[in-house]
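A.B. asks: To be precise about what I am sending: the file is called input-v7.txt and holds compact mmCIF, C-alpha atoms.
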# COMPACT_ATOMS: atom_id res chain seq x y z
CA ALA A 1 11.97 10.38 17.13
CA LEU A 2 9.35 8.17 15.48
CA PRO A 3 11.48 5.69 13.49
CA PHE A 4 8.61 4.24 11.47
CA VAL A 5 7.20 7.52 10.13
CA PRO A 6 9.51 7.45 7.05
CA TYR A 7 8.13 4.02 6.12
CA GLU A 8 4.62 5.30 6.66
CA LEU A 9 5.21 8.23 4.31
CA ASP A 10 6.92 6.02 1.71
CA ASP A 11 3.74 3.94 1.52
CA ILE A 12 1.51 6.99 1.18
CA ILE A 13 3.32 9.52 -1.03
CA LYS A 14 3.97 8.94 -4.72
CA ARG A 15 7.01 11.08 -5.47
CA GLN A 16 6.96 12.83 -8.82
CA ASP A 17 10.77 12.80 -8.97
CA GLN A 18 10.81 9.00 -8.62
CA PRO A 19 8.47 7.67 -11.35
CA THR A 20 9.63 4.07 -10.79
CA ASP A 21 8.64 4.16 -7.12
CA LYS A 22 5.74 1.72 -6.76
CA ARG A 23 5.06 2.11 -3.03
CA GLY A 24 3.26 5.44 -2.75
CA VAL A 25 -0.38 5.85 -3.76
CA PHE A 26 -1.06 9.61 -3.76
CA PRO A 27 1.10 12.41 -5.22
CA GLY A 28 2.26 14.85 -2.61
CA ARG A 29 5.08 16.63 -0.85
CA GLU A 30 6.89 15.37 2.23
CA TRP A 31 8.49 17.39 5.02
CA LEU A 32 10.41 15.00 7.23
CA ASP A 33 12.18 15.63 10.53
CA ARG A 34 13.78 19.10 10.60
CA ASP A 35 12.17 19.98 7.26
CA PHE A 36 8.80 19.86 9.02
CA THR A 37 8.70 23.50 10.15
CA ARG A 38 5.95 25.96 10.97
CA ASP A 39 6.50 27.81 7.67
CA ARG A 40 6.29 24.64 5.59
CA LEU A 41 3.18 23.42 7.38
CA GLU A 42 1.43 26.72 6.81
CA SER A 43 2.61 27.08 3.21
CA SER A 44 1.40 23.54 2.42
CA VAL A 45 -2.07 24.35 3.68
CA ARG A 46 -2.12 27.50 1.53
CA GLN A 47 -1.95 25.42 -1.64
CA THR A 48 -5.07 25.59 -3.80
CA THR A 49 -6.01 21.91 -3.58
CA PRO A 50 -4.05 20.03 -0.91
CA ASN A 51 -7.01 17.60 -0.43
CA ILE A 52 -5.27 15.61 2.34
CA LEU A 53 -3.07 16.92 5.14
CA HIS A 54 -1.18 14.10 6.90
CA ILE A 55 0.62 15.00 10.12
CA ALA A 56 2.63 12.17 11.69
CA THR A 57 4.16 13.46 14.90
CA HIS A 58 3.73 13.63 18.66
CA GLY A 59 0.70 15.40 20.09
CA GLU A 60 -0.26 16.42 23.59
CA PHE A 61 -3.78 17.21 24.79
CA VAL A 62 -3.96 19.48 27.86
CA PRO A 63 -7.46 19.12 29.37
CA THR A 64 -6.98 21.85 31.96
CA ASN A 65 -6.11 24.40 29.25
CA PRO A 66 -7.03 22.94 25.85
CA ARG A 67 -5.78 25.93 23.85
CA THR A 68 -2.26 25.05 24.99
CA SER A 69 -2.55 21.56 23.48
CA TYR A 70 -0.03 21.08 20.71
CA PHE A 71 1.74 18.81 18.26
CA VAL A 72 5.49 18.75 17.77
CA LEU A 73 7.34 20.17 14.77
CA GLY A 74 10.47 18.60 13.32
CA ASP A 75 12.86 20.85 15.20
CA GLY A 76 11.31 19.82 18.53
CA THR A 77 9.29 23.00 19.05
CA SER A 78 5.57 22.84 19.69
CA TYR A 79 2.82 24.09 17.38
CA PRO A 80 0.00 25.34 19.65
CA ILE A 81 -3.29 23.93 18.50
CA SER A 82 -4.87 27.38 18.86
CA GLN A 83 -2.80 28.45 15.82
CA VAL A 84 -4.81 26.13 13.59
CA GLN A 85 -7.51 28.81 13.40
CA TYR A 86 -5.07 30.94 11.43
CA LEU A 87 -4.32 28.28 8.81
CA ARG A 88 -5.81 29.44 5.53
CA ASN A 89 -7.51 27.26 2.93
CA LEU A 90 -8.41 24.49 5.35
CA ARG A 91 -11.74 24.48 3.49
CA ASN A 92 -9.92 22.84 0.55
CA ILE A 93 -8.84 19.88 2.66
CA HIS A 94 -11.13 16.86 2.57
CA LEU A 95 -9.19 14.95 5.22
CA VAL A 96 -6.73 15.83 7.97
CA VAL A 97 -4.93 12.76 9.33
CA LEU A 98 -3.40 13.30 12.75
CA SER A 99 -1.19 10.23 12.97
CA ALA A 100 -0.14 11.03 16.52
CA CYS A 101 -1.06 10.35 20.14
CA GLU A 102 -4.34 11.41 21.76
CA THR A 103 -5.35 13.82 18.97
CA ALA A 104 -9.04 12.92 19.34
CA LEU A 105 -8.98 12.88 23.12
CA GLY A 106 -11.31 15.23 24.93
CA GLY A 107 -12.29 15.58 28.55
CA PRO A 108 -13.65 17.80 31.31
CA ASP A 109 -11.97 21.03 32.29
CA ARG A 110 -11.59 22.20 35.87
CA ASN A 111 -15.24 23.21 35.94
CA GLY A 112 -16.42 19.81 34.78
CA LEU A 113 -17.43 21.04 31.31
CA GLU A 114 -16.72 18.74 28.39
CA ILE A 115 -14.13 20.14 26.00
CA ALA A 116 -13.03 19.05 22.54
CA GLY A 117 -9.65 17.61 21.67
CA ILE A 118 -6.93 18.66 19.24
CA SER A 119 -8.90 17.40 16.23
CA SER A 120 -11.78 19.82 16.81
CA TYR A 121 -9.65 22.82 15.89
CA PHE A 122 -9.50 21.58 12.30
CA LEU A 123 -13.31 21.32 12.10
CA GLY A 124 -16.43 23.26 12.95
CA ASP A 125 -17.37 25.70 10.17
CA PRO A 126 -17.24 26.02 6.34
CA SER A 127 -13.73 27.51 6.48
CA LYS A 128 -12.34 24.37 8.12
CA ALA A 129 -11.48 20.88 6.88
CA LYS A 130 -14.21 18.39 6.00
CA SER A 131 -13.04 15.58 8.29
CA VAL A 132 -10.28 14.51 10.67
CA LEU A 133 -8.84 11.10 11.45
CA ALA A 134 -7.43 11.22 14.97
CA SER A 135 -6.46 8.99 17.90
CA LEU A 136 -7.89 8.38 21.37
CA TRP A 137 -4.73 7.19 23.12
CA LYS A 138 -0.96 6.89 22.83
CA VAL A 139 -0.44 4.82 19.70
CA ASN A 140 2.28 2.35 18.75
CA ASP A 141 4.72 3.57 16.09
CA PRO A 142 5.16 0.48 13.82
CA ALA A 143 1.52 -0.61 14.17
CA THR A 144 0.29 2.88 13.25
CA SER A 145 2.64 2.97 10.27
CA LEU A 146 1.11 -0.26 8.96
CA LEU A 147 -2.45 0.86 9.72
CA MET A 148 -1.96 4.13 7.83
CA SER A 149 -0.42 2.36 4.86
CA GLU A 150 -3.44 0.04 4.60
CA PHE A 151 -5.86 2.95 5.09
CA TYR A 152 -4.44 4.90 2.15
CA GLN A 153 -4.34 1.80 -0.03
CA ASN A 154 -8.06 1.42 0.60
CA LEU A 155 -8.74 5.07 -0.20
CA ASN A 156 -6.84 4.62 -3.45
CA GLN A 157 -9.14 1.73 -4.34
CA GLY A 158 -12.14 4.07 -4.18
CA MET A 159 -13.44 3.33 -0.71
CA SER A 160 -14.96 6.11 1.36
CA LYS A 161 -12.96 7.29 4.36
CA SER A 162 -15.16 5.38 6.80
CA GLN A 163 -15.06 2.22 4.69
CA ALA A 164 -11.29 2.47 4.32
CA MET A 165 -10.74 2.62 8.07
CA ARG A 166 -13.31 -0.10 8.78
CA GLN A 167 -11.61 -2.49 6.38
CA VAL A 168 -8.20 -1.83 7.95
CA GLN A 169 -9.60 -2.57 11.39
CA LEU A 170 -11.30 -5.76 10.23
CA LYS A 171 -8.10 -6.90 8.55
CA LEU A 172 -6.10 -6.44 11.75
CA ILE A 173 -8.79 -8.01 13.92
CA ASN A 174 -8.77 -11.14 11.77
CA SER A 175 -5.03 -11.29 11.12
CA LYS A 176 -2.38 -13.35 12.88
CA LEU A 177 0.25 -10.66 12.43
CA THR A 178 2.20 -9.43 15.43
CA ILE A 179 3.79 -6.10 16.23
CA GLN A 180 7.08 -7.68 15.11
CA ASP A 181 5.58 -8.34 11.68
CA ALA A 182 4.46 -4.72 11.44
CA ALA A 183 7.99 -3.57 12.22
CA ASN A 184 9.68 -5.94 9.79
CA ARG A 185 7.59 -5.01 6.76
CA ALA A 186 9.15 -3.25 3.80
CA GLY A 187 12.68 -3.69 5.09
CA ALA A 188 12.13 -1.69 8.25
CA ARG A 189 14.69 -1.95 11.00
CA PRO A 190 14.35 -4.85 13.48
CA TYR A 191 12.01 -4.05 16.32
CA SER A 192 12.66 -5.46 19.77
CA PRO A 193 9.90 -4.51 22.20
CA ASN A 194 10.46 -5.30 25.84
CA GLN A 195 8.29 -8.37 25.81
CA LYS A 196 8.99 -12.07 25.31
CA ARG A 197 5.99 -12.63 23.06
CA PRO A 198 5.02 -9.75 20.74
CA LYS A 199 1.34 -8.95 21.01
CA PRO A 200 -0.90 -9.72 18.03
CA LEU A 201 -2.16 -6.80 15.97
CA SER A 202 -5.68 -8.14 16.56
CA HIS A 203 -5.49 -6.58 20.04
CA PRO A 204 -7.72 -3.44 20.16
CA TYR A 205 -4.79 -1.33 21.37
CA TYR A 206 -3.39 -1.40 17.83
CA TRP A 207 -6.47 -1.05 15.61
CA ALA A 208 -9.05 0.80 17.74
CA PRO A 209 -7.52 4.21 18.62
CA PHE A 210 -8.25 6.01 15.35
CA VAL A 211 -11.66 7.57 14.83
CA LEU A 212 -13.03 9.51 11.89
CA ILE A 213 -14.74 12.80 12.76
CA GLY A 214 -16.77 14.78 10.25
CA ASN A 215 -17.60 13.84 6.64
CA SER A 216 -17.17 10.09 6.24
CA GLN A 217 -17.36 10.02 2.43
Can the structure from this file be put into structure tokens for me?

C.D. replies:
Amino acid sequence: ALPFVPYELDDIIKRQDQPTDKRGVFPGREWLDRDFTRDRLESSVRQTTPNILHIATHGEFVPTNPRTSYFVLGDGTSYPISQVQYLRNLRNIHLVVLSACETALGGPDRNGLEIAGISSYFLGDPSKAKSVLASLWKVNDPATSLLMSEFYQNLNQGMSKSQAMRQVQLKLINSKLTIQDAANRAGARPYSPNQKRPKPLSHPYYWAPFVLIGNSQ
């Protein structure tokens, strides 16, 4: 389980059935935990104008056999990344956010040839998405939740995708917040990492893993 994903989605999604909710910034639909199924993922992509597809889950890149790389659905089953080629209407998506571990990671196969990571399957031709925001290593749950919240706030203010991420990173670099502060925001449950002094969010581990690939506007 990723305990801070619900807080992440609360900050992103403006629910039409809750008009007094002031936290979310973009209208959308949410499939959380066991509601996040293969059918719902694929039906969401088939919408006419989804614009943004945000997937917050575990991912696993398999360099020796990249087509078996996957991310995890809400029932614990894997969604093979090779199935992305069958998702229709990806061309209508301006941004795919893979808020998960190692989704931008690539590497050499057994023959030493460089191969692309999970994110590349969402890109590559006019039928695919315009851009992907993905990660280079195993990310921290509460820190990523905060980073994504700030990223979408910046997008909502009219920044380009690249500007929005740059401003989040600069904010964390220059902040004195700790991982404990990230966990305690918005009434989230107490977070007790196995360390005497929580690391500051200015550490690159927290702000540097996410990279934007494709159209930056």

A.B. asks: Here is a test: counting all atoms listed in the file, which residue of A:Asn92, A:Leu123, A:Leu2, A:Gly24 is nearest to A:His58?

C.D. replies: A:Leu2

A.B. asks: For the contact check between stretch 18-115 of chain A and stretch 141-148 of chain A, emit one row per residue of stretch 18-115 of chain A within 12 Å, containing the shortest atom pair and the distance in Å rounded to one decimal, counting only C-alpha atoms, chain then rising number order, as a Markdown table.

C.D. replies:
| residue | atom | partner | partner_atom | distance |
| --- | --- | --- | --- | --- |
| A:Gly24 | CA | A:Met148 | CA | 11.9 |
| A:Val25 | CA | A:Met148 | CA | 11.8 |
| A:His54 | CA | A:Met148 | CA | 10.0 |
| A:Ile55 | CA | A:Met148 | CA | 11.4 |
| A:Ala56 | CA | A:Ser145 | CA | 9.3 |
| A:Thr57 | CA | A:Asp141 | CA | 10.0 |
| A:His58 | CA | A:Asp141 | CA | 10.4 |
| A:Val97 | CA | A:Met148 | CA | 9.2 |
| A:Leu98 | CA | A:Met148 | CA | 10.5 |
| A:Ser99 | CA | A:Thr144 | CA | 7.5 |
| A:Ala100 | CA | A:Thr144 | CA | 8.8 |
| A:Cys101 | CA | A:Asp141 | CA | 9.8 |

A.B. asks: Env of A:Ile213: 9 Å cut, atoms = all atoms listed in the file, seq-sep filter 4 positions within chain, self excluded. Answer as a list in words.

C.D. replies: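 Counting only the stated atoms, we get Ala104, Ser119, Ser120, Leu123, Lys130, Ser131, Val132, Leu133 and Ala134 of chain A.
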
A.B. asks: Nearest residue to A:Gln169 out of A:Pro204, A:Pro198, A:Gly59, A:Gly28, using all atoms listed in the file?

C.D. replies: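 Of A:Pro204, A:Pro198, A:Gly59, A:Gly28, the one nearest A:Gln169, counting all atoms listed in the file, is A:Pro204.
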
A.B. asks: In Å, with one decimal, what is the gap from atom CA of A:Lys176 to atom CA of A:Ser202?

C.D. replies: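 It comes out at 7.2 Å.
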
A.B. asks: Could you please determine the separation between atom CA of A:Asp39 and atom CA of A:Gln83 in Å, to one decimal place?

C.D. replies: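 Straight-line distance from atom CA of A:Asp39 to atom CA of A:Gln83 works out to 12.4 Å.
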
A.B. asks: Rounded to one decimal place, report the atom CA of A:Asp11-atom CA of A:Arg23 distance in Å.

C.D. replies: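 Computing the Euclidean distance for atom CA of A:Asp11 and atom CA of A:Arg23 yields 5.1 Å.
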